[in-house]
Amino acid sequence: MINPATDRVLLTGAAGEIGKALRAGLRATYRYLRLTDLRAVDDLAANEEFVAADVGDRAAFAGMMAGVDALVHMTGAPAEHDLEALFQVNARGLYDVLETARLAGVKRIVYASSNHAFGCYPIDVPVSPAMPPRPDSMYGAFKVLGETMLRYYYDRHGISSVSLRIGTYRPLPIDQRSLATWLSPRDICQLVDLSLRHPDPGCLVVNGYSGNTRIKTADPGWAALGYVPLDNAEEHIPMLRQMGVDVDGPWEYLEHGGAFARQPEKAPGI
Ligand SMILES: NC(=O)c1ccc[n+]([C@@H]2O[C@H](COP(=O)([O-])OP(=O)(O)OC[C@H]3O[C@@H](n4cnc5c(N)ncnc54)[C@H](O)[C@@H]3O)[C@@H](O)[C@H]2O)c1
């Protein structure tokens with residue numbers, strides 16, 4: 001269990017969209033926040049420190065893990081990056097970060113996985129994190145690799161973790177699919193906070209959604225965390241209608257991964 005008053009938390013990807021939301025949501029209660037990203041973070045609060053580093057920089061990560069009790073790993077290369085870039089950040093860099101965390105004695109890890117870890121399930125199958133992964137892309141496959149590595153770190157080294165299969169993180173829902181997959185800023189903060197404070201999550205995988213009425217998940221795994229979402233995409237239907245989003249018609253995508261599940265493969269070697 002992480003104590004926000006005394007334990008130090010390292011947040012990676014701190015300059016990213018989710019990183020910014022987590023800083024805003026957590027810094028009032030988490031007394032010791034260490035932040036890292038390739039990009040600069042320059043609006044530091046008194047209880048935040050920042051170290052600029054590439055995830056592949058083992059020495060930099062070994063240094064910044066000193067005294068860290070929990071890692072919230074939000075660094076990620078987006079799916080549209082080429083395979084080499086995805087590999088460097090979401091596989092090789094992930095290994096470097098997790099391994100430096102293990103060597104430094106980090107007790108708890110919260111990991112940004114993705115709904116693309118199960119994106120090839122047909123949309124009419126109500127999925128749950130207990131079902132075998134079915135990634136819809138190499139991006140999704142690397143997210144599954146991260147979850148699998150965390151299983152290894154728990155079984156072999158007793159490092160407890162929560163993998164959040166994040167859906168569509170945005171300030172507001174943006175399209176029909178996000179009526180099912182939206183994750184709001186205050187709900188990602190809740191999910192991370194609960195994942196850190198939990199007495200013993202083991203090696204947990206849960207869906208990262210708000211409490212959306214149109215969720216297409218049988219059991220998102222939230223009971224184990226005690227997560228009760230604050231937001232629901234349905235409340236934003238009038239805004240979506242105004243934007244011209246088809247909120248009443250048949251579901252646009254045949255698989256959970258949306259467009260990812262039918263995207264043409266990238267050209268060979270890319
Ligand atoms: N936003 C979503 O809807 C969503 C959905 C599913 C999963 N996720 C995952 O959540 C995490 C955070 O997402 P986000 O929306 O904040 O993404 P983002 O792109 O806004 O932030 C990612 C951050 O990682 C940093 N980064 C990238 N490569 C790096 C490297 N080599 N070394 C150090 N830092 C590097 C970037 O500078 C960036 O600030 C990612 O792992 C992403 O895959 C996000």
# chains A, B, ... in the order shown; residues from 1 in each chain; ligands from 1
>>> residues_around(residues="Ala53 of chain A", least_positions_apart="4", cutoff="9 Å", atoms="only C-alpha atoms", output="list in words")
Thr36, Asp37, Leu38, Arg39, Asp57, Ala60 and Phe61 of chain A
>>> residues_near_ligand(ligand="ligand 1", cutoff="6 Å", atoms="only C-alpha atoms and all ligand atoms", output="PyMOL selection string")
chain A and resi 13-19+37-39+53-55+74-78+89+112-114+166-169
>>> atom_distance(atom1="atom CA of His81 of chain A", atom2="atom CA of Gly146 of chain A")
17.6 Å
>>> select_by_dssp(residues="segment 239-269 of chain A", states="alpha helix (DSSP H)", output="ChimeraX atom specification")
/A:239-242
>>> residues_around(residues="Pro199 of chain A", least_positions_apart="6", cutoff="10 Å", atoms="only C-alpha atoms", output="PyMOL selection string")
chain A and resi 1-2+160+225
>>> write_last_selection(atoms="C-alpha atoms", output="PDB file, in the first residue's frame")
ATOM      1  CA  MET A   1       0.000   0.000   0.000  1.00  0.00           C
ATOM      2  CA  ILE A   2       1.308   3.429  -0.937  1.00  0.00           C
ATOM      3  CA  SER A 160       2.274  -5.671  -7.077  1.00  0.00           C
ATOM      4  CA  LEU A 225     -10.091  -1.788  -6.749  1.00  0.00           C
TER       5      LEU A 225
END
>>> decode(residues="segment 128-225 of chain A", atoms="C-alpha atoms", output="mmCIF file, in the first residue's frame")
data_model
loop_
_atom_site.group_PDB
_atom_site.id
_atom_site.type_symbol
_atom_site.label_atom_id
_atom_site.label_comp_id
_atom_site.auth_asym_id
_atom_site.auth_seq_id
_atom_site.Cartn_x
_atom_site.Cartn_y
_atom_site.Cartn_z
ATOM 1 C CA SER A 128 -13.581 -8.783 -19.359
ATOM 2 C CA PRO A 129 -9.904 -8.540 -18.393
ATOM 3 C CA ALA A 130 -10.133 -12.162 -17.221
ATOM 4 C CA MET A 131 -10.400 -13.308 -20.871
ATOM 5 C CA PRO A 132 -7.269 -14.013 -22.953
ATOM 6 C CA PRO A 133 -5.887 -10.911 -24.688
ATOM 7 C CA ARG A 134 -6.643 -10.459 -28.387
ATOM 8 C CA PRO A 135 -4.628 -7.417 -29.490
ATOM 9 C CA ASP A 136 -5.688 -5.609 -32.639
ATOM 10 C CA SER A 137 -2.289 -4.139 -33.568
ATOM 11 C CA MET A 138 1.407 -4.245 -32.684
ATOM 12 C CA TYR A 139 0.624 -1.323 -30.368
ATOM 13 C CA GLY A 140 -1.883 -3.573 -28.596
ATOM 14 C CA ALA A 141 0.507 -6.534 -28.641
ATOM 15 C CA PHE A 142 3.187 -4.461 -26.864
ATOM 16 C CA LYS A 143 0.608 -3.395 -24.253
ATOM 17 C CA VAL A 144 -0.089 -7.098 -23.617
ATOM 18 C CA LEU A 145 3.662 -7.623 -23.326
ATOM 19 C CA GLY A 146 3.702 -4.980 -20.582
ATOM 20 C CA GLU A 147 0.896 -6.731 -18.700
ATOM 21 C CA THR A 148 2.752 -10.043 -19.075
ATOM 22 C CA MET A 149 5.998 -8.539 -17.800
ATOM 23 C CA LEU A 150 4.151 -7.240 -14.761
ATOM 24 C CA ARG A 151 2.825 -10.767 -14.135
ATOM 25 C CA TYR A 152 6.445 -11.913 -14.143
ATOM 26 C CA TYR A 153 7.537 -9.145 -11.773
ATOM 27 C CA TYR A 154 4.751 -10.110 -9.368
ATOM 28 C CA ASP A 155 5.304 -13.880 -9.491
ATOM 29 C CA ARG A 156 9.083 -13.721 -9.353
ATOM 30 C CA HIS A 157 9.699 -10.547 -7.370
ATOM 31 C CA GLY A 158 6.467 -9.776 -5.478
ATOM 32 C CA ILE A 159 6.016 -6.337 -7.074
ATOM 33 C CA SER A 160 2.274 -5.671 -7.077
ATOM 34 C CA SER A 161 0.743 -3.861 -10.015
ATOM 35 C CA VAL A 162 -2.390 -2.620 -11.673
ATOM 36 C CA SER A 163 -2.577 -2.476 -15.472
ATOM 37 C CA LEU A 164 -5.208 -0.011 -16.635
ATOM 38 C CA ARG A 165 -6.629 -0.909 -20.053
ATOM 39 C CA ILE A 166 -7.358 2.703 -20.890
ATOM 40 C CA GLY A 167 -10.144 3.320 -23.387
ATOM 41 C CA THR A 168 -10.477 6.844 -24.800
ATOM 42 C CA TYR A 169 -8.913 9.355 -22.420
ATOM 43 C CA ARG A 170 -10.171 12.862 -23.246
ATOM 44 C CA PRO A 171 -11.613 15.845 -21.379
ATOM 45 C CA LEU A 172 -14.940 14.896 -23.040
ATOM 46 C CA PRO A 173 -16.202 12.030 -25.234
ATOM 47 C CA ILE A 174 -15.493 12.635 -28.916
ATOM 48 C CA ASP A 175 -17.385 10.116 -31.035
ATOM 49 C CA GLN A 176 -19.829 7.218 -30.967
ATOM 50 C CA ARG A 177 -17.232 4.673 -29.847
ATOM 51 C CA SER A 178 -16.189 6.829 -26.916
ATOM 52 C CA LEU A 179 -19.753 6.566 -25.567
ATOM 53 C CA ALA A 180 -18.525 3.107 -24.510
ATOM 54 C CA THR A 181 -14.808 3.740 -23.967
ATOM 55 C CA TRP A 182 -14.493 7.285 -22.564
ATOM 56 C CA LEU A 183 -12.274 7.811 -19.519
ATOM 57 C CA SER A 184 -12.553 11.229 -17.929
ATOM 58 C CA PRO A 185 -9.741 13.207 -16.259
ATOM 59 C CA ARG A 186 -11.132 12.752 -12.769
ATOM 60 C CA ASP A 187 -11.765 9.028 -13.314
ATOM 61 C CA ILE A 188 -8.162 8.351 -14.460
ATOM 62 C CA CYS A 189 -7.024 10.155 -11.315
ATOM 63 C CA GLN A 190 -9.323 7.976 -9.212
ATOM 64 C CA LEU A 191 -8.084 4.791 -10.914
ATOM 65 C CA VAL A 192 -4.426 5.641 -10.339
ATOM 66 C CA ASP A 193 -5.020 6.785 -6.767
ATOM 67 C CA LEU A 194 -6.918 3.580 -5.878
ATOM 68 C CA SER A 195 -4.267 1.456 -7.611
ATOM 69 C CA LEU A 196 -1.572 3.055 -5.470
ATOM 70 C CA ARG A 197 -3.446 2.941 -2.160
ATOM 71 C CA HIS A 198 -4.775 -0.617 -2.527
ATOM 72 C CA PRO A 199 -3.394 -2.864 0.250
ATOM 73 C CA ASP A 200 -2.574 -5.727 -2.147
ATOM 74 C CA PRO A 201 -3.868 -5.724 -5.723
ATOM 75 C CA GLY A 202 -1.654 -8.671 -6.685
ATOM 76 C CA CYS A 203 -1.212 -8.394 -10.440
ATOM 77 C CA LEU A 204 -4.474 -6.837 -11.467
ATOM 78 C CA VAL A 205 -5.727 -5.876 -14.932
ATOM 79 C CA VAL A 206 -8.805 -3.629 -15.150
ATOM 80 C CA ASN A 207 -10.587 -1.585 -17.793
ATOM 81 C CA GLY A 208 -9.887 2.124 -17.756
ATOM 82 C CA TYR A 209 -13.302 3.607 -18.524
ATOM 83 C CA SER A 210 -15.682 6.002 -16.873
ATOM 84 C CA GLY A 211 -19.062 4.613 -15.823
ATOM 85 C CA ASN A 212 -20.461 4.805 -19.343
ATOM 86 C CA THR A 213 -23.995 3.513 -19.875
ATOM 87 C CA ARG A 214 -22.967 2.006 -23.251
ATOM 88 C CA ILE A 215 -19.936 0.154 -21.903
ATOM 89 C CA LYS A 216 -19.420 -3.140 -23.772
ATOM 90 C CA THR A 217 -17.684 -4.975 -20.996
ATOM 91 C CA ALA A 218 -19.122 -7.801 -18.897
ATOM 92 C CA ASP A 219 -16.964 -7.139 -15.868
ATOM 93 C CA PRO A 220 -14.371 -4.350 -16.020
ATOM 94 C CA GLY A 221 -12.727 -5.618 -12.823
ATOM 95 C CA TRP A 222 -13.476 -2.507 -10.782
ATOM 96 C CA ALA A 223 -14.783 -4.218 -7.639
ATOM 97 C CA ALA A 224 -11.266 -5.406 -6.795
ATOM 98 C CA LEU A 225 -10.091 -1.788 -6.749
#
